file model35.cif (mmCIF, C-alpha atoms and all ligand atoms)
data_run
loop_
_atom_site.label_atom_id
_atom_site.label_comp_id
_atom_site.auth_asym_id
_atom_site.auth_seq_id
_atom_site.Cartn_x
_atom_site.Cartn_y
_atom_site.Cartn_z
CA MET V 20 62.78 174.83 118.21
CA LYS V 21 59.62 176.73 117.24
CA LYS V 22 58.02 178.88 119.93
CA SER V 23 60.87 178.16 122.29
CA ASN V 24 62.64 181.46 122.35
CA SER V 25 63.60 181.39 126.00
CA LEU V 26 67.06 182.85 126.32
CA LYS V 27 68.62 179.70 127.67
CA LYS V 28 67.34 177.59 124.79
CA LEU V 29 68.44 180.15 122.23
CA ARG V 30 71.93 180.26 123.75
CA LYS V 31 72.16 176.46 123.52
CA ALA V 32 70.95 176.54 119.93
CA MET V 33 73.53 179.17 118.96
CA GLU V 34 76.29 177.24 120.68
CA LYS V 35 75.40 174.35 118.39
CA ALA V 36 74.98 176.44 115.24
CA GLN V 37 78.20 178.44 115.59
CA ASN V 38 81.89 177.84 116.08
CA ALA V 39 83.39 178.78 119.46
CA ARG V 40 84.66 182.18 118.35
CA ARG V 41 81.40 183.22 116.77
CA PHE V 42 79.46 182.00 119.81
CA GLU V 43 81.62 184.17 122.10
CA HIS V 44 80.82 187.13 119.82
CA THR V 45 77.12 186.23 119.98
CA LEU V 46 77.14 186.31 123.79
CA GLY V 47 79.03 189.61 123.67
CA VAL V 48 76.37 191.11 121.41
CA GLU V 49 73.62 189.73 123.67
CA TYR V 50 74.84 191.47 126.79
CA THR V 51 76.02 194.64 125.08
CA ALA V 52 72.59 194.96 123.42
CA ALA V 53 71.00 194.40 126.84
CA ALA V 54 73.09 197.20 128.38
CA LEU V 55 72.19 199.60 125.54
CA ALA V 56 68.51 198.66 125.89
CA MET V 57 68.68 199.67 129.56
CA ARG V 58 70.28 202.97 128.61
CA TYR V 59 67.75 203.79 125.88
CA ASP V 60 64.52 202.48 127.44
CA CYS V 61 64.16 199.61 125.04
CA ASP V 62 62.83 196.14 125.90
CA VAL V 63 65.83 194.32 127.37
CA LYS V 64 64.69 190.80 126.54
CA SER V 65 64.01 191.72 122.91
CA ALA V 66 67.53 193.15 122.70
CA GLN V 67 68.92 189.92 124.14
CA ILE V 68 66.98 187.74 121.68
CA ALA V 69 68.02 189.90 118.72
CA GLY V 70 71.63 189.92 119.94
CA LEU V 71 71.66 186.16 120.35
CA LEU V 72 70.18 185.49 116.92
CA HIS V 73 71.69 188.27 114.80
CA ASP V 74 74.42 186.00 113.37
CA CYS V 75 72.43 182.74 113.42
CA ALA V 76 73.12 182.31 109.67
CA LYS V 77 76.77 183.33 109.87
CA CYS V 78 78.20 179.83 110.14
CA LEU V 79 76.29 178.42 107.16
CA SER V 80 77.89 178.03 103.75
CA ASP V 81 77.32 180.68 101.08
CA GLU V 82 75.40 178.04 99.09
CA LYS V 83 73.08 177.47 102.01
CA ARG V 84 72.49 181.20 102.50
CA LEU V 85 71.73 181.62 98.80
CA SER V 86 69.40 178.62 98.77
CA ILE V 87 67.50 179.82 101.86
CA CYS V 88 66.89 183.17 100.14
CA GLU V 89 66.04 181.62 96.79
CA LYS V 90 63.65 179.00 98.15
CA ASN V 91 61.79 181.50 100.25
CA HIS V 92 61.60 184.22 97.61
CA ILE V 93 63.66 186.65 99.66
CA PRO V 94 64.73 189.38 97.22
CA MET V 95 68.49 189.53 96.61
CA THR V 96 70.50 192.21 94.86
CA GLU V 97 73.27 191.43 92.37
CA LEU V 98 75.77 192.70 94.94
CA GLU V 99 74.43 190.26 97.55
CA ARG V 100 74.70 187.38 95.08
CA ARG V 101 78.34 188.35 94.52
CA ASN V 102 78.96 188.73 98.29
CA PRO V 103 76.70 186.07 99.83
CA PHE V 104 78.13 186.65 103.31
CA LEU V 105 75.96 189.77 103.32
CA LEU V 106 72.94 187.47 103.11
CA HIS V 107 73.57 186.15 106.62
CA ALA V 108 71.42 189.06 107.79
CA LYS V 109 68.39 188.33 105.57
CA ALA V 110 68.74 184.56 105.90
CA GLY V 111 69.22 185.03 109.65
CA ALA V 112 65.95 186.95 109.96
CA TYR V 113 64.21 184.15 108.08
CA LEU V 114 65.66 181.44 110.34
CA ALA V 115 64.94 183.47 113.47
CA GLU V 116 61.26 183.41 112.55
CA LYS V 117 60.87 179.92 111.09
CA LYS V 118 63.41 177.91 113.02
CA TYR V 119 63.81 179.78 116.29
CA GLY V 120 60.19 180.88 116.72
CA VAL V 121 60.60 184.66 116.87
CA SER V 122 57.49 186.58 115.82
CA ASN V 123 58.29 190.12 117.02
CA PRO V 124 58.85 192.07 113.76
CA ASP V 125 61.17 194.55 115.48
CA ILE V 126 63.52 191.72 116.45
CA LEU V 127 63.37 190.28 112.93
CA ASN V 128 64.10 193.73 111.46
CA ALA V 129 67.05 194.15 113.82
CA ILE V 130 68.54 190.90 112.55
CA ARG V 131 67.80 191.81 108.92
CA SER V 132 69.38 195.28 109.16
CA HIS V 133 72.36 194.46 111.38
CA THR V 134 75.06 194.53 108.67
CA THR V 135 74.11 197.45 106.39
CA GLY V 136 71.56 199.29 108.48
CA ARG V 137 68.64 200.93 106.68
CA GLN V 138 66.66 204.16 106.65
CA GLY V 139 64.28 204.64 109.57
CA MET V 140 65.78 202.10 111.93
CA SER V 141 64.01 201.53 115.25
CA THR V 142 65.87 201.97 118.55
CA LEU V 143 66.22 198.19 118.81
CA GLU V 144 67.68 197.97 115.29
CA LYS V 145 70.25 200.66 116.10
CA ILE V 146 71.11 198.92 119.36
CA VAL V 147 71.83 195.58 117.68
CA PHE V 148 73.79 197.24 114.87
CA ILE V 149 75.95 199.10 117.38
CA ALA V 150 76.32 196.24 119.87
CA ASP V 151 77.60 194.08 117.01
CA TYR V 152 80.42 196.56 116.45
CA ILE V 153 81.39 197.42 120.03
CA GLU V 154 80.94 194.17 121.99
CA PRO V 155 83.99 193.41 124.18
CA GLY V 156 85.31 190.68 121.87
CA ARG V 157 85.86 193.17 119.02
CA LYS V 158 89.44 194.33 119.04
CA HIS V 159 90.41 195.75 115.66
CA ALA V 160 87.91 198.40 114.66
CA PRO V 161 89.30 201.93 114.44
CA ASN V 162 88.18 204.48 117.07
CA LEU V 163 86.73 201.66 119.16
CA LYS V 164 87.24 203.41 122.48
CA GLN V 165 85.52 206.54 121.23
CA VAL V 166 82.66 204.63 119.58
CA ARG V 167 82.05 202.57 122.73
CA LYS V 168 81.63 205.72 124.78
CA LEU V 169 79.54 207.39 122.08
CA ALA V 170 77.20 204.37 122.01
CA PHE V 171 76.14 205.14 125.56
CA THR V 172 75.97 208.90 124.94
CA ASP V 173 74.24 209.30 121.57
CA LEU V 174 72.89 206.33 119.64
CA ASP V 175 72.57 208.12 116.28
CA GLU V 176 76.05 209.63 116.46
CA ALA V 177 77.48 206.21 117.21
CA LEU V 178 75.57 204.76 114.26
CA VAL V 179 76.95 207.39 111.87
CA LYS V 180 80.49 206.95 113.16
CA ILE V 181 80.36 203.17 112.69
CA LEU V 182 78.88 203.46 109.20
CA GLY V 183 81.48 206.07 108.24
CA ASP V 184 84.36 203.95 109.54
CA THR V 185 82.96 200.85 107.81
CA LEU V 186 82.62 202.67 104.47
CA HIS V 187 86.15 204.02 104.85
CA TYR V 188 87.45 200.51 105.55
CA LEU V 189 85.60 199.09 102.54
CA LYS V 190 87.00 201.82 100.29
CA GLU V 191 90.53 201.12 101.51
CA THR V 192 90.24 197.36 101.07
CA GLY V 193 88.29 197.55 97.80
CA GLY V 194 85.27 195.73 99.21
CA ASP V 195 82.01 195.87 97.25
CA ILE V 196 79.94 198.58 98.88
CA ASP V 197 76.28 197.75 99.35
CA PRO V 198 74.26 200.85 98.40
CA MET V 199 72.20 200.20 101.53
CA THR V 200 75.25 200.89 103.75
CA GLU V 201 75.81 204.24 102.00
CA GLU V 202 72.12 205.04 102.04
CA THR V 203 71.96 204.45 105.80
CA TRP V 204 75.05 206.58 106.38
CA ARG V 205 73.61 209.44 104.28
CA TYR V 206 70.22 209.20 105.97
CA TYR V 207 71.64 209.54 109.47
CA SER V 208 74.49 211.98 108.69
O1 LIG C 301 78.69 189.29 111.16
P1 LIG C 301 79.68 190.15 111.89
O2 LIG C 301 81.08 189.93 111.41
O3 LIG C 301 79.58 190.03 113.37
O4 LIG C 301 79.32 191.68 111.59
P2 LIG C 301 78.51 192.28 110.34
O5 LIG C 301 77.30 191.48 110.07
O6 LIG C 301 78.31 193.74 110.62
O7 LIG C 301 79.49 192.10 109.17
C1 LIG C 301 80.69 192.82 109.27
C2 LIG C 301 81.32 192.95 107.95
O8 LIG C 301 80.37 193.43 107.02
C3 LIG C 301 82.45 193.97 108.01
O9 LIG C 301 83.63 193.37 107.52
C4 LIG C 301 82.00 195.07 107.11
C5 LIG C 301 81.03 194.34 106.22
N1 LIG C 301 80.09 195.23 105.57
C6 LIG C 301 79.23 196.13 106.07
N2 LIG C 301 78.64 196.81 105.07
C7 LIG C 301 79.15 196.28 103.93
C8 LIG C 301 80.05 195.27 104.24
N3 LIG C 301 80.76 194.55 103.33
C9 LIG C 301 80.57 194.84 102.06
N4 LIG C 301 81.23 194.16 101.13
N5 LIG C 301 79.71 195.83 101.66
C10 LIG C 301 78.99 196.58 102.55
O10 LIG C 301 78.24 197.49 102.17
FE FE C 302 76.66 189.74 111.21
FE FE C 303 77.85 189.90 114.53
#
call {"tool": "encode", "arguments": {"input": "model35.cif", "output": "structure tokens"}}
result
Amino acid sequence: MKKSNSLKKLRKAMEKAQNARRFEHTLGVEYTAAALAMRYDCDVKSAQIAGLLHDCAKCLSDEKRLSICEKNHIPMTELERRNPFLLHAKAGAYLAEKKYGVSNPDILNAIRSHTTGRQGMSTLEKIVFIADYIEPGRKHAPNLKQVRKLAFTDLDEALVKILGDTLHYLKETGGDIDPMTEETWRYYS
């Protein structure tokens, strides 16, 4: 698969790597990221590649995600070890580079930061983070209608709203909050 990051090949690869529902989500993120890239003068193909690959490690087992990170000396926090689903972002960035032949660091960063965000995100990183949340297949997030409109009006405001709603949801459900999610929210608020 190396060096073969044409969109068609990547779509085929994701169809194989993911279950049907996740693959639908992947396609939704691909074209939503493309639309946001058009709106915000970002490279459209990069947005498509990042959208297609952002969840490439989502359908692996937790053991596999942990072993990818361990073997390749990717630093993990205690919280990530306790919630290895969070590692699908870091492991995904690794696979995007080594297995799917992506070398553009902005695309790799967008995959790596797509769940918690981070300080100083690029426009592409914000686009993928937001597209992940608003793509048409998402149905249950609060304020979805408002956030979808906001995404095409003000990228940073949309980012803050999504992070705020996610933190609120995690507090309500008692989910372990990654300090990175709070840090990103604080940074952009
Ligand atoms: O992989 P997806 O489901 O498409 O989307 P995602 O990678 O953004 O993951 C979404 C989930 O991640 C959602 O249920 C909220 C959760 N999440 C985001 N930040 C944190 C978090 N979960 C925990 N436990 N802690 C966080 O800080
Ligand atoms: Fe994800
Ligand atoms: Fe996703």
call {"tool": "atom_distance", "arguments": {"input": "model35.cif", "atom1": "atom CA of V:Arg205", "atom2": "atom CA of V:Gly136"}}
result
11.2 Å
call {"tool": "residues_near_ligand", "arguments": {"input": "model35.cif", "ligand": "ligand FE 302 (chain C)", "cutoff": "12 Å", "atoms": "all atoms listed in the file", "output": "PyMOL selection string"}}
result
chain V and resi 41-42+44-45+48+69-78+103-112+129-136+147-152
call {"tool": "closest_residue", "arguments": {"input": "model35.cif", "among": "V:Glu82, V:Asp173, V:Glu191, V:Glu43", "to": "ligand FE 303 (chain C)", "atoms": "all atoms listed in the file"}}
result
V:Glu43
call {"tool": "closest_residue", "arguments": {"input": "model35.cif", "among": "V:Arg58, V:Arg101, V:Arg157, V:Lys90", "to": "ligand FE 303 (chain C)", "atoms": "only C-alpha atoms and all ligand atoms"}}
result
V:Arg157
call {"tool": "closest_residue", "arguments": {"input": "model35.cif", "among": "V:Met33, V:Ala170, V:Ile153, V:Met140", "to": "ligand LIG 301 (chain C)", "atoms": "only C-alpha atoms and all ligand atoms"}}
result
V:Ile153
call {"tool": "atom_distance", "arguments": {"input": "model35.cif", "atom1": "atom CA of V:Leu46", "atom2": "atom CA of V:Lys83"}}
result
23.9 Å
call {"tool": "atom_distance", "arguments": {"input": "model35.cif", "atom1": "atom CA of V:Ala160", "atom2": "atom P2 of ligand LIG 301 (chain C)"}}
result
12.0 Å
call {"tool": "closest_residue", "arguments": {"input": "model35.cif", "among": "V:Lys117, V:Arg84, V:Lys180, V:Lys190", "to": "ligand LIG 301 (chain C)", "atoms": "all atoms listed in the file"}}
result
V:Lys190
call {"tool": "residues_around", "arguments": {"input": "model35.cif", "residues": "V:Glu201", "least_positions_apart": "3", "cutoff": "12 Å", "atoms": "only C-alpha atoms", "output": "NGL selection string"}}
result
:V and (134-138 or 179 or 181-187 or 189-190 or 195-198 or 204-208)
call {"tool": "closest_residue", "arguments": {"input": "model35.cif", "among": "V:Val121, V:Leu114, V:Met199, V:Leu127", "to": "ligand LIG 301 (chain C)", "atoms": "only C-alpha atoms and all ligand atoms"}}
result
V:Met199
call {"tool": "closest_residue", "arguments": {"input": "model35.cif", "among": "V:Lys168, V:Gly156, V:Asn91, V:Glu97", "to": "ligand FE 303 (chain C)", "atoms": "all atoms listed in the file"}}
result
V:Gly156
call {"tool": "residues_around", "arguments": {"input": "model35.cif", "residues": "V:Leu55", "least_positions_apart": "3", "cutoff": "7 Å", "atoms": "all atoms listed in the file", "output": "MDAnalysis selection string"}}
result
chainID V and resid 51:52 58:59 146 171
call {"tool": "build_atoms", "arguments": {"input": "model35.cif", "residues": "stretch 177-200 of chain V", "atoms": "N, CA, C and O atoms", "output": "PDB file, in the frame of the given file"}}
result
ATOM      1  N   ALA V 177      76.701 207.451 117.251  1.00  0.00           N
ATOM      2  CA  ALA V 177      77.480 206.210 117.210  1.00  0.00           C
ATOM      3  C   ALA V 177      77.216 205.458 115.902  1.00  0.00           C
ATOM      4  O   ALA V 177      78.134 204.948 115.250  1.00  0.00           O
ATOM      5  N   LEU V 178      75.959 205.431 115.505  1.00  0.00           N
ATOM      6  CA  LEU V 178      75.570 204.760 114.260  1.00  0.00           C
ATOM      7  C   LEU V 178      76.307 205.365 113.067  1.00  0.00           C
ATOM      8  O   LEU V 178      76.895 204.652 112.237  1.00  0.00           O
ATOM      9  N   VAL V 179      76.299 206.685 112.980  1.00  0.00           N
ATOM     10  CA  VAL V 179      76.950 207.390 111.870  1.00  0.00           C
ATOM     11  C   VAL V 179      78.456 207.140 111.868  1.00  0.00           C
ATOM     12  O   VAL V 179      79.068 206.914 110.824  1.00  0.00           O
ATOM     13  N   LYS V 180      79.044 207.162 113.052  1.00  0.00           N
ATOM     14  CA  LYS V 180      80.490 206.950 113.160  1.00  0.00           C
ATOM     15  C   LYS V 180      80.853 205.545 112.665  1.00  0.00           C
ATOM     16  O   LYS V 180      81.816 205.356 111.921  1.00  0.00           O
ATOM     17  N   ILE V 181      80.079 204.553 113.100  1.00  0.00           N
ATOM     18  CA  ILE V 181      80.360 203.170 112.690  1.00  0.00           C
ATOM     19  C   ILE V 181      80.195 203.004 111.182  1.00  0.00           C
ATOM     20  O   ILE V 181      81.043 202.409 110.513  1.00  0.00           O
ATOM     21  N   LEU V 182      79.111 203.565 110.638  1.00  0.00           N
ATOM     22  CA  LEU V 182      78.880 203.460 109.200  1.00  0.00           C
ATOM     23  C   LEU V 182      79.995 204.154 108.418  1.00  0.00           C
ATOM     24  O   LEU V 182      80.499 203.628 107.423  1.00  0.00           O
ATOM     25  N   GLY V 183      80.405 205.330 108.886  1.00  0.00           N
ATOM     26  CA  GLY V 183      81.480 206.070 108.240  1.00  0.00           C
ATOM     27  C   GLY V 183      82.786 205.284 108.259  1.00  0.00           C
ATOM     28  O   GLY V 183      83.475 205.163 107.241  1.00  0.00           O
ATOM     29  N   ASP V 184      83.114 204.724 109.417  1.00  0.00           N
ATOM     30  CA  ASP V 184      84.360 203.950 109.540  1.00  0.00           C
ATOM     31  C   ASP V 184      84.295 202.681 108.680  1.00  0.00           C
ATOM     32  O   ASP V 184      85.296 202.269 108.078  1.00  0.00           O
ATOM     33  N   THR V 185      83.113 202.063 108.621  1.00  0.00           N
ATOM     34  CA  THR V 185      82.960 200.850 107.810  1.00  0.00           C
ATOM     35  C   THR V 185      83.126 201.166 106.322  1.00  0.00           C
ATOM     36  O   THR V 185      83.828 200.465 105.592  1.00  0.00           O
ATOM     37  N   LEU V 186      82.498 202.276 105.881  1.00  0.00           N
ATOM     38  CA  LEU V 186      82.620 202.670 104.470  1.00  0.00           C
ATOM     39  C   LEU V 186      84.071 203.006 104.130  1.00  0.00           C
ATOM     40  O   LEU V 186      84.574 202.630 103.064  1.00  0.00           O
ATOM     41  N   HIS V 187      84.739 203.686 105.057  1.00  0.00           N
ATOM     42  CA  HIS V 187      86.150 204.020 104.850  1.00  0.00           C
ATOM     43  C   HIS V 187      86.987 202.746 104.700  1.00  0.00           C
ATOM     44  O   HIS V 187      87.812 202.619 103.792  1.00  0.00           O
ATOM     45  N   TYR V 188      86.726 201.790 105.585  1.00  0.00           N
ATOM     46  CA  TYR V 188      87.450 200.510 105.550  1.00  0.00           C
ATOM     47  C   TYR V 188      87.186 199.780 104.225  1.00  0.00           C
ATOM     48  O   TYR V 188      88.107 199.260 103.592  1.00  0.00           O
ATOM     49  N   LEU V 189      85.931 199.787 103.787  1.00  0.00           N
ATOM     50  CA  LEU V 189      85.600 199.090 102.540  1.00  0.00           C
ATOM     51  C   LEU V 189      86.255 199.762 101.344  1.00  0.00           C
ATOM     52  O   LEU V 189      86.697 199.098 100.404  1.00  0.00           O
ATOM     53  N   LYS V 190      86.357 201.096 101.381  1.00  0.00           N
ATOM     54  CA  LYS V 190      87.000 201.820 100.290  1.00  0.00           C
ATOM     55  C   LYS V 190      88.495 201.515 100.254  1.00  0.00           C
ATOM     56  O   LYS V 190      89.085 201.338  99.196  1.00  0.00           O
ATOM     57  N   GLU V 191      89.083 201.420 101.431  1.00  0.00           N
ATOM     58  CA  GLU V 191      90.530 201.120 101.510  1.00  0.00           C
ATOM     59  C   GLU V 191      90.838 199.706 101.037  1.00  0.00           C
ATOM     60  O   GLU V 191      91.853 199.466 100.390  1.00  0.00           O
ATOM     61  N   THR V 192      89.965 198.770 101.388  1.00  0.00           N
ATOM     62  CA  THR V 192      90.240 197.360 101.070  1.00  0.00           C
ATOM     63  C   THR V 192      89.645 196.953  99.732  1.00  0.00           C
ATOM     64  O   THR V 192      89.840 195.830  99.282  1.00  0.00           O
ATOM     65  N   GLY V 193      88.879 197.862  99.107  1.00  0.00           N
ATOM     66  CA  GLY V 193      88.290 197.550  97.800  1.00  0.00           C
ATOM     67  C   GLY V 193      87.095 196.622  97.891  1.00  0.00           C
ATOM     68  O   GLY V 193      86.734 195.970  96.907  1.00  0.00           O
ATOM     69  N   GLY V 194      86.456 196.568  99.064  1.00  0.00           N
ATOM     70  CA  GLY V 194      85.270 195.730  99.210  1.00  0.00           C
ATOM     71  C   GLY V 194      84.088 196.320  98.444  1.00  0.00           C
ATOM     72  O   GLY V 194      83.996 197.535  98.285  1.00  0.00           O
ATOM     73  N   ASP V 195      83.238 195.451  97.931  1.00  0.00           N
ATOM     74  CA  ASP V 195      82.010 195.870  97.250  1.00  0.00           C
ATOM     75  C   ASP V 195      81.129 196.616  98.242  1.00  0.00           C
ATOM     76  O   ASP V 195      80.781 196.071  99.285  1.00  0.00           O
ATOM     77  N   ILE V 196      80.766 197.840  97.927  1.00  0.00           N
ATOM     78  CA  ILE V 196      79.940 198.580  98.880  1.00  0.00           C
ATOM     79  C   ILE V 196      78.457 198.422  98.554  1.00  0.00           C
ATOM     80  O   ILE V 196      78.023 198.726  97.442  1.00  0.00           O
ATOM     81  N   ASP V 197      77.718 197.914  99.513  1.00  0.00           N
ATOM     82  CA  ASP V 197      76.280 197.750  99.350  1.00  0.00           C
ATOM     83  C   ASP V 197      75.647 199.148  99.412  1.00  0.00           C
ATOM     84  O   ASP V 197      75.874 199.879 100.374  1.00  0.00           O
ATOM     85  N   PRO V 198      74.865 199.516  98.392  1.00  0.00           N
ATOM     86  CA  PRO V 198      74.260 200.850  98.400  1.00  0.00           C
ATOM     87  C   PRO V 198      73.461 201.117  99.676  1.00  0.00           C
ATOM     88  O   PRO V 198      73.307 202.266 100.101  1.00  0.00           O
ATOM     89  N   MET V 199      72.977 200.042 100.293  1.00  0.00           N
ATOM     90  CA  MET V 199      72.200 200.200 101.530  1.00  0.00           C
ATOM     91  C   MET V 199      73.075 200.774 102.647  1.00  0.00           C
ATOM     92  O   MET V 199      72.614 201.593 103.439  1.00  0.00           O
ATOM     93  N   THR V 200      74.356 200.364 102.712  1.00  0.00           N
ATOM     94  CA  THR V 200      75.250 200.890 103.750  1.00  0.00           C
ATOM     95  C   THR V 200      75.447 202.395 103.548  1.00  0.00           C
ATOM     96  O   THR V 200      75.407 203.166 104.511  1.00  0.00           O
TER      97      THR V 200
END
